[in-house]
>>> print(open('final.csv').read())   # CSV, N, CA and C atoms
chain,number,residue,atom,x,y,z
A,217,MET,N,67.7,-1.4,-208.0
A,217,MET,CA,69.0,-1.5,-207.2
A,217,MET,C,68.7,-1.5,-205.7
A,218,ASN,N,69.3,-2.5,-205.0
A,218,ASN,CA,69.1,-2.5,-203.6
A,218,ASN,C,70.1,-1.5,-203.0
A,219,LYS,N,69.7,-0.8,-202.0
A,219,LYS,CA,70.5,0.2,-201.3
A,219,LYS,C,71.1,-0.4,-200.1
A,220,PHE,N,72.3,0.0,-199.7
A,220,PHE,CA,73.1,-0.5,-198.5
A,220,PHE,C,72.3,-0.1,-197.3
A,221,LYS,N,72.1,-1.0,-196.3
A,221,LYS,CA,71.4,-0.7,-195.1
A,221,LYS,C,72.2,-1.0,-193.9
A,222,LEU,N,72.2,0.0,-193.0
A,222,LEU,CA,72.9,-0.2,-191.7
A,222,LEU,C,71.9,-0.9,-190.8
A,223,GLU,N,72.5,-1.7,-189.9
A,223,GLU,CA,71.7,-2.4,-188.9
A,223,GLU,C,72.3,-2.1,-187.5
A,224,CYS,N,71.5,-1.9,-186.5
A,224,CYS,CA,72.0,-1.7,-185.1
A,224,CYS,C,72.6,-3.0,-184.6
A,225,ASN,N,73.6,-2.9,-183.8
A,225,ASN,CA,74.3,-4.0,-183.1
A,225,ASN,C,75.1,-4.8,-184.1
A,226,LYS,N,75.5,-4.2,-185.2
A,226,LYS,CA,76.3,-4.9,-186.2
A,226,LYS,C,77.6,-4.2,-186.5
A,227,TRP,N,78.6,-4.9,-186.7
A,227,TRP,CA,80.0,-4.3,-187.0
A,227,TRP,C,80.1,-4.0,-188.5
A,228,TYR,N,80.8,-2.9,-188.8
A,228,TYR,CA,81.0,-2.5,-190.1
A,228,TYR,C,82.5,-2.0,-190.2
A,229,ALA,N,83.0,-1.9,-191.4
A,229,ALA,CA,84.3,-1.3,-191.7
A,229,ALA,C,84.0,0.2,-191.9
A,230,CYS,N,84.9,1.0,-191.4
A,230,CYS,CA,84.7,2.5,-191.5
A,230,CYS,C,86.0,3.1,-191.8
A,231,ILE,N,85.9,4.1,-192.7
A,231,ILE,CA,87.0,5.0,-193.0
A,231,ILE,C,86.6,6.4,-192.8
A,232,LEU,N,87.3,7.1,-191.9
A,232,LEU,CA,87.1,8.5,-191.7
A,232,LEU,C,88.1,9.4,-192.3
A,233,ILE,N,87.7,10.4,-193.0
A,233,ILE,CA,88.7,11.3,-193.8
A,233,ILE,C,88.5,12.7,-193.3
A,234,SER,N,89.6,13.4,-193.0
A,234,SER,CA,89.5,14.8,-192.5
A,234,SER,C,90.7,15.5,-192.7
A,235,GLU,N,90.6,16.8,-193.0
A,235,GLU,CA,91.8,17.7,-193.1
A,235,GLU,C,92.4,17.9,-191.7
A,236,SER,N,91.6,17.7,-190.7
A,236,SER,CA,92.0,18.0,-189.3
A,236,SER,C,92.8,16.9,-188.7
A,237,PHE,N,92.9,15.7,-189.3
A,237,PHE,CA,93.7,14.6,-188.7
A,237,PHE,C,95.2,15.0,-188.9
A,238,ASN,N,95.9,14.7,-187.9
A,238,ASN,CA,97.4,15.0,-187.9
A,238,ASN,C,98.2,13.8,-188.3
A,239,PHE,N,98.0,13.3,-189.5
A,239,PHE,CA,98.8,12.2,-189.9
A,239,PHE,C,99.8,12.6,-191.0
A,240,ASP,N,101.0,12.1,-191.0
A,240,ASP,CA,102.0,12.5,-192.0
A,240,ASP,C,101.7,12.0,-193.4
A,241,VAL,N,101.2,10.8,-193.5
A,241,VAL,CA,101.0,10.1,-194.8
A,241,VAL,C,99.7,10.4,-195.4
A,242,ASN,N,98.6,10.2,-194.6
A,242,ASN,CA,97.3,10.4,-195.2
A,242,ASN,C,96.4,11.1,-194.2
A,243,ARG,N,95.2,11.4,-194.6
A,243,ARG,CA,94.2,12.1,-193.8
A,243,ARG,C,93.1,11.2,-193.4
A,244,CYS,N,93.3,9.9,-193.3
A,244,CYS,CA,92.2,9.0,-193.0
A,244,CYS,C,92.6,8.1,-191.8
A,245,THR,N,91.6,7.5,-191.2
A,245,THR,CA,91.7,6.5,-190.2
A,245,THR,C,90.8,5.4,-190.5
A,246,TYR,N,91.2,4.2,-190.1
A,246,TYR,CA,90.4,3.0,-190.4
A,246,TYR,C,89.9,2.4,-189.1
A,247,SER,N,88.7,1.9,-189.0
A,247,SER,CA,88.2,1.3,-187.7
A,247,SER,C,87.0,0.4,-188.0
A,248,PRO,N,87.0,-0.7,-187.2
A,248,PRO,CA,85.7,-1.4,-187.1
A,248,PRO,C,84.8,-0.5,-186.3
A,249,ILE,N,83.6,-0.4,-186.6
A,249,ILE,CA,82.6,0.3,-185.8
A,249,ILE,C,81.4,-0.6,-185.6
A,250,LYS,N,80.7,-0.4,-184.5
A,250,LYS,CA,79.5,-1.2,-184.2
A,250,LYS,C,78.4,-0.1,-184.0
A,251,ILE,N,77.4,-0.3,-184.9
A,251,ILE,CA,76.2,0.7,-184.9
A,251,ILE,C,75.4,0.5,-183.6
A,252,LEU,N,75.3,1.5,-182.8
A,252,LEU,CA,74.5,1.5,-181.6
A,252,LEU,C,73.1,2.1,-181.7
A,253,GLY,N,73.0,3.0,-182.7
A,253,GLY,CA,71.7,3.6,-182.9
A,253,GLY,C,71.7,4.5,-184.1
A,254,MET,N,70.6,4.7,-184.7
A,254,MET,CA,70.5,5.6,-185.8
A,254,MET,C,69.0,6.1,-186.0
A,255,GLU,N,68.9,7.3,-186.4
A,255,GLU,CA,67.6,7.9,-186.6
A,255,GLU,C,67.7,8.9,-187.8
A,256,PRO,N,66.8,8.7,-188.7
A,256,PRO,CA,66.7,9.6,-189.9
A,256,PRO,C,66.3,11.0,-189.4
A,257,SER,N,66.8,12.0,-190.0
A,257,SER,CA,66.5,13.4,-189.6
A,257,SER,C,65.1,13.7,-190.1
A,258,PRO,N,64.3,14.4,-189.3
A,258,PRO,CA,63.0,14.8,-189.7
A,258,PRO,C,63.0,15.9,-190.7
A,259,GLU,N,64.2,16.6,-190.8
A,259,GLU,CA,64.3,17.8,-191.7
A,259,GLU,C,64.7,17.4,-193.1
A,260,SER,N,65.4,16.3,-193.3
A,260,SER,CA,65.9,15.9,-194.6
A,260,SER,C,66.0,14.4,-194.8
A,261,GLU,N,65.6,13.9,-195.9
A,261,GLU,CA,65.7,12.5,-196.1
A,261,GLU,C,67.2,12.0,-196.4
A,262,ASP,N,68.1,13.0,-196.6
A,262,ASP,CA,69.5,12.7,-196.8
A,262,ASP,C,70.3,12.8,-195.6
A,263,SER,N,69.7,13.0,-194.4
A,263,SER,CA,70.4,13.2,-193.2
A,263,SER,C,70.1,12.1,-192.2
A,264,LEU,N,71.1,11.8,-191.4
A,264,LEU,CA,71.0,10.7,-190.4
A,264,LEU,C,71.8,11.0,-189.2
A,265,ALA,N,71.2,10.7,-188.0
A,265,ALA,CA,71.9,10.8,-186.8
A,265,ALA,C,72.4,9.4,-186.5
A,266,LEU,N,73.7,9.2,-186.3
A,266,LEU,CA,74.3,7.9,-186.1
A,266,LEU,C,75.1,7.8,-184.9
A,267,SER,N,74.9,6.8,-184.0
A,267,SER,CA,75.6,6.5,-182.8
A,267,SER,C,76.4,5.2,-183.0
A,268,PHE,N,77.6,5.2,-182.7
A,268,PHE,CA,78.4,4.0,-182.9
A,268,PHE,C,79.6,3.9,-181.9
A,269,TYR,N,80.1,2.6,-181.8
A,269,TYR,CA,81.3,2.4,-181.0
A,269,TYR,C,82.4,2.4,-182.0
A,270,HIS,N,83.4,3.3,-181.8
A,270,HIS,CA,84.5,3.5,-182.7
A,270,HIS,C,85.7,2.8,-182.1
A,271,ALA,N,85.9,1.5,-182.5
A,271,ALA,CA,86.9,0.7,-181.9
A,271,ALA,C,88.3,1.1,-181.9
A,272,ASN,N,88.7,1.8,-183.0
A,272,ASN,CA,90.1,2.2,-183.2
A,272,ASN,C,90.3,3.7,-182.9
A,273,TYR,N,89.4,4.3,-182.1
A,273,TYR,CA,89.6,5.8,-181.8
A,273,TYR,C,90.8,5.9,-181.0
A,274,PRO,N,91.7,6.8,-181.4
A,274,PRO,CA,93.1,6.8,-180.8
A,274,PRO,C,93.1,7.3,-179.3
A,275,GLU,N,92.2,8.1,-178.9
A,275,GLU,CA,92.2,8.6,-177.5
A,275,GLU,C,90.8,9.0,-177.1
A,276,GLY,N,90.5,8.9,-175.9
A,276,GLY,CA,89.2,9.4,-175.4
A,276,GLY,C,88.0,8.5,-175.5
A,277,VAL,N,86.9,9.0,-175.5
A,277,VAL,CA,85.6,8.2,-175.5
A,277,VAL,C,85.4,7.6,-176.9
A,278,ARG,N,85.1,6.3,-176.9
A,278,ARG,CA,84.9,5.6,-178.2
A,278,ARG,C,83.5,5.6,-178.6
A,279,GLY,N,82.5,6.0,-177.8
A,279,GLY,CA,81.1,6.1,-178.1
A,279,GLY,C,81.0,7.4,-178.9
A,280,LYS,N,80.6,7.3,-180.2
A,280,LYS,CA,80.5,8.5,-181.0
A,280,LYS,C,79.0,8.7,-181.5
A,281,HIS,N,78.7,10.0,-181.7
A,281,HIS,CA,77.4,10.4,-182.3
A,281,HIS,C,77.7,11.4,-183.4
A,282,TYR,N,77.4,11.1,-184.6
A,282,TYR,CA,77.6,12.0,-185.7
A,282,TYR,C,76.2,12.3,-186.4
A,283,GLU,N,76.1,13.5,-186.8
A,283,GLU,CA,75.0,14.0,-187.7
A,283,GLU,C,75.6,13.9,-189.1
A,284,LEU,N,75.0,13.1,-189.9
A,284,LEU,CA,75.5,12.8,-191.3
A,284,LEU,C,74.6,13.4,-192.4
A,285,GLN,N,75.3,13.9,-193.4
A,285,GLN,CA,74.6,14.3,-194.6
A,285,GLN,C,75.0,13.2,-195.6
A,286,ILE,N,74.1,12.4,-196.0
A,286,ILE,CA,74.4,11.3,-196.9
A,286,ILE,C,74.7,11.8,-198.3
A,287,LEU,N,75.9,11.6,-198.8
A,287,LEU,CA,76.2,12.0,-200.2
A,287,LEU,C,76.0,10.9,-201.2
A,288,GLU,N,76.3,9.7,-200.8
A,288,GLU,CA,76.1,8.5,-201.7
A,288,GLU,C,75.7,7.3,-200.9
A,289,LEU,N,74.6,6.7,-201.3
A,289,LEU,CA,74.1,5.4,-200.7
A,289,LEU,C,74.1,4.4,-201.9
A,290,GLY,N,75.1,3.6,-202.0
A,290,GLY,CA,75.2,2.6,-203.0
A,290,GLY,C,74.7,1.3,-202.6
A,291,GLU,N,75.0,0.3,-203.4
A,291,GLU,CA,74.6,-1.1,-203.1
A,291,GLU,C,75.4,-1.6,-201.9
A,292,SER,N,76.6,-1.2,-201.8
A,292,SER,CA,77.6,-1.8,-200.8
A,292,SER,C,78.2,-0.8,-199.8
A,293,LEU,N,77.8,0.5,-199.9
A,293,LEU,CA,78.4,1.5,-199.0
A,293,LEU,C,77.6,2.7,-198.8
A,294,LEU,N,77.9,3.4,-197.7
A,294,LEU,CA,77.3,4.7,-197.4
A,294,LEU,C,78.5,5.7,-197.3
A,295,PHE,N,78.4,6.8,-198.0
A,295,PHE,CA,79.4,7.8,-197.9
A,295,PHE,C,78.7,9.1,-197.5
A,296,ALA,N,79.2,9.8,-196.5
A,296,ALA,CA,78.5,10.9,-195.9
A,296,ALA,C,79.5,12.0,-195.4
A,297,ARG,N,79.0,13.2,-195.3
A,297,ARG,CA,79.7,14.3,-194.7
A,297,ARG,C,79.3,14.3,-193.2
A,298,CYS,N,80.2,14.5,-192.3
A,298,CYS,CA,79.9,14.6,-190.9
A,298,CYS,C,79.7,16.1,-190.6
A,299,LEU,N,78.5,16.4,-190.2
A,299,LEU,CA,78.1,17.8,-190.0
A,299,LEU,C,78.6,18.3,-188.6
A,300,GLY,N,78.7,19.6,-188.5
A,300,GLY,CA,79.1,20.2,-187.3
A,300,GLY,C,80.6,20.4,-187.0
A,301,TYR,N,81.4,20.1,-188.0
A,301,TYR,CA,82.8,20.3,-187.9
A,301,TYR,C,83.3,21.5,-188.7
A,302,GLU,N,84.2,22.2,-188.2
A,302,GLU,CA,84.8,23.4,-188.9
A,302,GLU,C,85.5,23.0,-190.2
A,303,ARG,N,86.3,21.9,-190.1
A,303,ARG,CA,87.0,21.5,-191.3
A,303,ARG,C,86.3,20.2,-191.8
A,304,ALA,N,86.4,20.0,-193.1
A,304,ALA,CA,85.7,18.9,-193.8
A,304,ALA,C,86.0,17.5,-193.1
A,305,ARG,N,85.0,16.7,-192.9
A,305,ARG,CA,85.1,15.4,-192.3
A,305,ARG,C,84.1,14.5,-193.0
A,306,PHE,N,84.6,13.4,-193.5
A,306,PHE,CA,83.7,12.4,-194.3
A,306,PHE,C,83.8,11.0,-193.7
A,307,ILE,N,82.8,10.3,-193.8
A,307,ILE,CA,82.8,8.9,-193.3
A,307,ILE,C,82.3,8.0,-194.4
A,308,MET,N,83.0,6.8,-194.6
A,308,MET,CA,82.5,5.8,-195.5
A,308,MET,C,82.4,4.5,-194.7
A,309,ILE,N,81.2,3.9,-194.8
A,309,ILE,CA,80.8,2.7,-194.0
A,309,ILE,C,80.4,1.6,-195.0
A,310,PHE,N,81.0,0.4,-194.8
A,310,PHE,CA,80.6,-0.7,-195.6
A,310,PHE,C,80.8,-2.0,-194.8
A,311,ASP,N,80.3,-3.1,-195.4
A,311,ASP,CA,80.4,-4.4,-194.7
A,311,ASP,C,81.8,-4.8,-194.4
A,312,ILE,N,82.1,-5.2,-193.2
A,312,ILE,CA,83.4,-5.6,-192.8
A,312,ILE,C,83.7,-7.0,-193.2
A,313,THR,N,84.9,-7.2,-193.7
A,313,THR,CA,85.3,-8.6,-194.1
A,313,THR,C,86.6,-9.0,-193.4
A,314,ARG,N,86.9,-10.2,-193.3
A,314,ARG,CA,88.1,-10.7,-192.7
A,314,ARG,C,89.3,-10.1,-193.4
A,315,GLU,N,89.3,-10.0,-194.8
A,315,GLU,CA,90.4,-9.4,-195.5
A,315,GLU,C,90.7,-8.0,-195.1
A,316,TRP,N,89.6,-7.2,-195.0
A,316,TRP,CA,89.8,-5.8,-194.6
A,316,TRP,C,90.4,-5.7,-193.2
A,317,LEU,N,89.9,-6.5,-192.3
A,317,LEU,CA,90.3,-6.5,-190.9
A,317,LEU,C,91.8,-6.9,-190.9
A,318,PHE,N,92.2,-8.0,-191.6
A,318,PHE,CA,93.6,-8.5,-191.5
A,318,PHE,C,94.5,-7.4,-192.2
A,319,PHE,N,94.1,-6.8,-193.2
A,319,PHE,CA,94.9,-5.8,-193.9
A,319,PHE,C,95.2,-4.6,-193.0
A,320,HIS,N,94.2,-4.1,-192.3
A,320,HIS,CA,94.4,-2.9,-191.5
A,320,HIS,C,94.9,-3.1,-190.1
A,321,PHE,N,94.7,-4.4,-189.6
A,321,PHE,CA,95.0,-4.6,-188.2
A,321,PHE,C,95.9,-5.9,-188.0
A,322,LYS,N,96.6,-6.2,-189.0
A,322,LYS,CA,97.4,-7.5,-189.0
A,322,LYS,C,98.4,-7.6,-187.9
A,323,GLU,N,98.9,-6.5,-187.5
A,323,GLU,CA,99.9,-6.5,-186.4
A,323,GLU,C,99.3,-6.9,-185.0
A,324,PHE,N,98.0,-6.8,-184.9
A,324,PHE,CA,97.3,-7.1,-183.6
A,324,PHE,C,96.7,-8.4,-183.6
A,325,ILE,N,96.6,-9.1,-184.7
A,325,ILE,CA,95.9,-10.4,-184.8
A,325,ILE,C,97.0,-11.5,-184.6
A,326,ASN,N,97.0,-12.1,-183.5
A,326,ASN,CA,98.0,-13.2,-183.2
A,326,ASN,C,97.4,-14.5,-183.9
A,327,ASP,N,98.2,-15.4,-184.3
A,327,ASP,CA,97.8,-16.7,-184.9
A,327,ASP,C,96.8,-16.4,-186.0
A,328,ARG,N,97.3,-15.7,-187.0
A,328,ARG,CA,96.5,-15.3,-188.1
A,328,ARG,C,95.8,-16.5,-188.8
A,329,ASP,N,96.5,-17.6,-189.0
A,329,ASP,CA,95.9,-18.7,-189.7
A,329,ASP,C,94.8,-19.3,-188.9
A,330,LYS,N,94.9,-19.4,-187.6
A,330,LYS,CA,93.8,-19.9,-186.8
A,330,LYS,C,92.6,-19.0,-186.8
A,331,VAL,N,92.8,-17.7,-186.8
A,331,VAL,CA,91.7,-16.8,-186.8
A,331,VAL,C,91.0,-16.9,-188.2
A,332,TYR,N,91.8,-16.9,-189.3
A,332,TYR,CA,91.3,-17.0,-190.6
A,332,TYR,C,90.5,-18.2,-190.8
A,333,ASN,N,91.0,-19.4,-190.4
A,333,ASN,CA,90.2,-20.6,-190.5
A,333,ASN,C,88.9,-20.6,-189.7
A,334,TRP,N,89.0,-20.0,-188.5
A,334,TRP,CA,87.8,-19.9,-187.7
A,334,TRP,C,86.7,-19.0,-188.4
A,335,LEU,N,87.2,-17.9,-189.0
A,335,LEU,CA,86.3,-17.0,-189.7
A,335,LEU,C,85.7,-17.6,-191.0
A,336,ASN,N,86.4,-18.6,-191.6
A,336,ASN,CA,85.9,-19.3,-192.7
A,336,ASN,C,84.6,-20.1,-192.4
A,337,LYS,N,84.5,-20.5,-191.1
A,337,LYS,CA,83.4,-21.4,-190.7
A,337,LYS,C,82.4,-20.6,-189.8
A,338,ASN,N,82.7,-19.4,-189.4
A,338,ASN,CA,81.9,-18.7,-188.4
A,338,ASN,C,81.6,-17.3,-188.8
A,339,ASN,N,80.9,-16.6,-188.0
A,339,ASN,CA,80.5,-15.2,-188.3
A,339,ASN,C,81.5,-14.2,-187.8
A,340,ILE,N,81.9,-13.3,-188.6
A,340,ILE,CA,82.9,-12.3,-188.2
A,340,ILE,C,82.3,-11.4,-187.1
A,341,GLN,N,80.9,-11.2,-187.1
A,341,GLN,CA,80.3,-10.4,-186.1
A,341,GLN,C,80.5,-11.0,-184.7
A,342,ASP,N,80.4,-12.3,-184.6
A,342,ASP,CA,80.6,-13.0,-183.3
A,342,ASP,C,82.1,-12.8,-182.9
A,343,TRP,N,83.0,-13.0,-183.8
A,343,TRP,CA,84.4,-12.9,-183.5
A,343,TRP,C,84.8,-11.5,-183.0
A,344,LEU,N,84.3,-10.5,-183.7
A,344,LEU,CA,84.5,-9.1,-183.3
A,344,LEU,C,84.0,-8.8,-181.9
A,345,ASP,N,82.8,-9.3,-181.6
A,345,ASP,CA,82.2,-9.1,-180.3
A,345,ASP,C,83.1,-9.6,-179.2
A,346,GLU,N,83.7,-10.7,-179.4
A,346,GLU,CA,84.6,-11.4,-178.4
A,346,GLU,C,86.0,-10.8,-178.4
A,347,ASN,N,86.5,-10.3,-179.6
A,347,ASN,CA,88.0,-10.1,-179.7
A,347,ASN,C,88.3,-8.6,-180.0
A,348,ILE,N,87.4,-7.7,-180.2
A,348,ILE,CA,87.7,-6.4,-180.6
A,348,ILE,C,88.7,-5.7,-179.7
A,349,ARG,N,88.6,-6.0,-178.4
A,349,ARG,CA,89.5,-5.3,-177.4
A,349,ARG,C,91.0,-5.7,-177.6
A,350,TYR,N,91.2,-6.8,-178.3
A,350,TYR,CA,92.6,-7.2,-178.5
A,350,TYR,C,93.2,-6.7,-179.8
A,351,ILE,N,92.4,-6.1,-180.7
A,351,ILE,CA,93.0,-5.7,-182.0
A,351,ILE,C,93.0,-4.2,-182.2
A,352,CYS,N,92.3,-3.5,-181.4
A,352,CYS,CA,92.3,-2.0,-181.5
A,352,CYS,C,92.6,-1.4,-180.2
>>> encode(input="final.csv", output="structure tokens")
Amino acid sequence: MNKFKLECNKWYACILISESFNFDVNRCTYSPIKILGMEPSPESEDSLALSFYHANYPEGVRGKHYELQILELGESLLFARCLGYERARFIMIFDITREWLFFHFKEFINDRDKVYNWLNKNNIQDWLDENIRYIC
């Protein structure tokens, strides 16, 4: 089985889950993230230091650095506990798709058909590099 691999300078879909989020309906947030750096922990093969740009962070600095304990590394996703938080916080990272982007950020994407058609022929990574500031 091939394991999911993160790459630097690539966009991914991300779901953060935490008891400490103050949302009425759910305890999670969705965001495109761009991996800026990562380094395996010398202490454990299941730990990873991850730096990324959190495009949909609601306030403050969007450059994030998390120490992760990898709980599951499947073929198509990474699921981990974010270490160093008093209350439980988890992160799930997987390949970003136009469907995921449109579902979670549809109100910010103008001319949906034009963007959808462009993404049929081009790379979502390039589109996000150029347009992320308009959707998050």
>>> atom_distance(input="final.csv", atom1="atom N of Lys250 of chain A", atom2="atom CA of Ala265 of chain A")
14.4 Å
>>> residues_around(input="final.csv", residues="His270 of chain A", least_positions_apart="6", cutoff="8 Å", atoms="only N, CA and C atoms", output="VMD selection string")
chain A and resid 247 to 251 277 to 280
>>> select_by_dssp(input="final.csv", residues="chain A", states="helix (DSSP H, G or I)", output="PyMOL selection string")
chain A and resi 314-324+328-337+340-351
>>> residues_around(input="final.csv", residues="Met308 of chain A", least_positions_apart="4", cutoff="12 Å", atoms="only C-alpha atoms", output="MDAnalysis selection string")
chainID A and resid 220 222 228:234 244:249 284:290 292:298 312
>>> write_last_selection(input="final.csv", atoms="N, CA and C atoms", output="PDB file, keeping the file's coordinate frame")
ATOM      1  N   PHE A 220      72.300   0.000-199.700  1.00  0.00           N
ATOM      2  CA  PHE A 220      73.100  -0.500-198.500  1.00  0.00           C
ATOM      3  C   PHE A 220      72.300  -0.100-197.300  1.00  0.00           C
ATOM      4  N   LEU A 222      72.200   0.000-193.000  1.00  0.00           N
ATOM      5  CA  LEU A 222      72.900  -0.200-191.700  1.00  0.00           C
ATOM      6  C   LEU A 222      71.900  -0.900-190.800  1.00  0.00           C
ATOM      7  N   TYR A 228      80.800  -2.900-188.800  1.00  0.00           N
ATOM      8  CA  TYR A 228      81.000  -2.500-190.100  1.00  0.00           C
ATOM      9  C   TYR A 228      82.500  -2.000-190.200  1.00  0.00           C
ATOM     10  N   ALA A 229      83.000  -1.900-191.400  1.00  0.00           N
ATOM     11  CA  ALA A 229      84.300  -1.300-191.700  1.00  0.00           C
ATOM     12  C   ALA A 229      84.000   0.200-191.900  1.00  0.00           C
ATOM     13  N   CYS A 230      84.900   1.000-191.400  1.00  0.00           N
ATOM     14  CA  CYS A 230      84.700   2.500-191.500  1.00  0.00           C
ATOM     15  C   CYS A 230      86.000   3.100-191.800  1.00  0.00           C
ATOM     16  N   ILE A 231      85.900   4.100-192.700  1.00  0.00           N
ATOM     17  CA  ILE A 231      87.000   5.000-193.000  1.00  0.00           C
ATOM     18  C   ILE A 231      86.600   6.400-192.800  1.00  0.00           C
ATOM     19  N   LEU A 232      87.300   7.100-191.900  1.00  0.00           N
ATOM     20  CA  LEU A 232      87.100   8.500-191.700  1.00  0.00           C
ATOM     21  C   LEU A 232      88.100   9.400-192.300  1.00  0.00           C
ATOM     22  N   ILE A 233      87.700  10.400-193.000  1.00  0.00           N
ATOM     23  CA  ILE A 233      88.700  11.300-193.800  1.00  0.00           C
ATOM     24  C   ILE A 233      88.500  12.700-193.300  1.00  0.00           C
ATOM     25  N   SER A 234      89.600  13.400-193.000  1.00  0.00           N
ATOM     26  CA  SER A 234      89.500  14.800-192.500  1.00  0.00           C
ATOM     27  C   SER A 234      90.700  15.500-192.700  1.00  0.00           C
ATOM     28  N   CYS A 244      93.300   9.900-193.300  1.00  0.00           N
ATOM     29  CA  CYS A 244      92.200   9.000-193.000  1.00  0.00           C
ATOM     30  C   CYS A 244      92.600   8.100-191.800  1.00  0.00           C
ATOM     31  N   THR A 245      91.600   7.500-191.200  1.00  0.00           N
ATOM     32  CA  THR A 245      91.700   6.500-190.200  1.00  0.00           C
ATOM     33  C   THR A 245      90.800   5.400-190.500  1.00  0.00           C
ATOM     34  N   TYR A 246      91.200   4.200-190.100  1.00  0.00           N
ATOM     35  CA  TYR A 246      90.400   3.000-190.400  1.00  0.00           C
ATOM     36  C   TYR A 246      89.900   2.400-189.100  1.00  0.00           C
ATOM     37  N   SER A 247      88.700   1.900-189.000  1.00  0.00           N
ATOM     38  CA  SER A 247      88.200   1.300-187.700  1.00  0.00           C
ATOM     39  C   SER A 247      87.000   0.400-188.000  1.00  0.00           C
ATOM     40  N   PRO A 248      87.000  -0.700-187.200  1.00  0.00           N
ATOM     41  CA  PRO A 248      85.700  -1.400-187.100  1.00  0.00           C
ATOM     42  C   PRO A 248      84.800  -0.500-186.300  1.00  0.00           C
ATOM     43  N   ILE A 249      83.600  -0.400-186.600  1.00  0.00           N
ATOM     44  CA  ILE A 249      82.600   0.300-185.800  1.00  0.00           C
ATOM     45  C   ILE A 249      81.400  -0.600-185.600  1.00  0.00           C
ATOM     46  N   LEU A 284      75.000  13.100-189.900  1.00  0.00           N
ATOM     47  CA  LEU A 284      75.500  12.800-191.300  1.00  0.00           C
ATOM     48  C   LEU A 284      74.600  13.400-192.400  1.00  0.00           C
ATOM     49  N   GLN A 285      75.300  13.900-193.400  1.00  0.00           N
ATOM     50  CA  GLN A 285      74.600  14.300-194.600  1.00  0.00           C
ATOM     51  C   GLN A 285      75.000  13.200-195.600  1.00  0.00           C
ATOM     52  N   ILE A 286      74.100  12.400-196.000  1.00  0.00           N
ATOM     53  CA  ILE A 286      74.400  11.300-196.900  1.00  0.00           C
ATOM     54  C   ILE A 286      74.700  11.800-198.300  1.00  0.00           C
ATOM     55  N   LEU A 287      75.900  11.600-198.800  1.00  0.00           N
ATOM     56  CA  LEU A 287      76.200  12.000-200.200  1.00  0.00           C
ATOM     57  C   LEU A 287      76.000  10.900-201.200  1.00  0.00           C
ATOM     58  N   GLU A 288      76.300   9.700-200.800  1.00  0.00           N
ATOM     59  CA  GLU A 288      76.100   8.500-201.700  1.00  0.00           C
ATOM     60  C   GLU A 288      75.700   7.300-200.900  1.00  0.00           C
ATOM     61  N   LEU A 289      74.600   6.700-201.300  1.00  0.00           N
ATOM     62  CA  LEU A 289      74.100   5.400-200.700  1.00  0.00           C
ATOM     63  C   LEU A 289      74.100   4.400-201.900  1.00  0.00           C
ATOM     64  N   GLY A 290      75.100   3.600-202.000  1.00  0.00           N
ATOM     65  CA  GLY A 290      75.200   2.600-203.000  1.00  0.00           C
ATOM     66  C   GLY A 290      74.700   1.300-202.600  1.00  0.00           C
ATOM     67  N   SER A 292      76.600  -1.200-201.800  1.00  0.00           N
ATOM     68  CA  SER A 292      77.600  -1.800-200.800  1.00  0.00           C
ATOM     69  C   SER A 292      78.200  -0.800-199.800  1.00  0.00           C
ATOM     70  N   LEU A 293      77.800   0.500-199.900  1.00  0.00           N
ATOM     71  CA  LEU A 293      78.400   1.500-199.000  1.00  0.00           C
ATOM     72  C   LEU A 293      77.600   2.700-198.800  1.00  0.00           C
ATOM     73  N   LEU A 294      77.900   3.400-197.700  1.00  0.00           N
ATOM     74  CA  LEU A 294      77.300   4.700-197.400  1.00  0.00           C
ATOM     75  C   LEU A 294      78.500   5.700-197.300  1.00  0.00           C
ATOM     76  N   PHE A 295      78.400   6.800-198.000  1.00  0.00           N
ATOM     77  CA  PHE A 295      79.400   7.800-197.900  1.00  0.00           C
ATOM     78  C   PHE A 295      78.700   9.100-197.500  1.00  0.00           C
ATOM     79  N   ALA A 296      79.200   9.800-196.500  1.00  0.00           N
ATOM     80  CA  ALA A 296      78.500  10.900-195.900  1.00  0.00           C
ATOM     81  C   ALA A 296      79.500  12.000-195.400  1.00  0.00           C
ATOM     82  N   ARG A 297      79.000  13.200-195.300  1.00  0.00           N
ATOM     83  CA  ARG A 297      79.700  14.300-194.700  1.00  0.00           C
ATOM     84  C   ARG A 297      79.300  14.300-193.200  1.00  0.00           C
ATOM     85  N   CYS A 298      80.200  14.500-192.300  1.00  0.00           N
ATOM     86  CA  CYS A 298      79.900  14.600-190.900  1.00  0.00           C
ATOM     87  C   CYS A 298      79.700  16.100-190.600  1.00  0.00           C
ATOM     88  N   ILE A 312      82.100  -5.200-193.200  1.00  0.00           N
ATOM     89  CA  ILE A 312      83.400  -5.600-192.800  1.00  0.00           C
ATOM     90  C   ILE A 312      83.700  -7.000-193.200  1.00  0.00           C
TER      91      ILE A 312
END
>>> atom_distance(input="final.csv", atom1="atom CA of Lys219 of chain A", atom2="atom CA of Leu264 of chain A")
15.1 Å
>>> atom_distance(input="final.csv", atom1="atom C of Asn338 of chain A", atom2="atom C of Cys224 of chain A")
17.4 Å
>>> closest_residue(input="final.csv", among="A:Glu255, A:Glu346, A:Glu283, A:Glu235", to="Ala304 of chain A", atoms="only N, CA and C atoms")
A:Glu235
>>> select_by_dssp(input="final.csv", residues="segment 296-330 of chain A", states="strand (DSSP E or B)", output="MDAnalysis selection string")
chainID A and resid 296:298 305:311
>>> closest_residue(input="final.csv", among="A:Lys330, A:Asn272, A:Arg243, A:Gly253", to="Arg349 of chain A", atoms="only C-alpha atoms")
A:Asn272
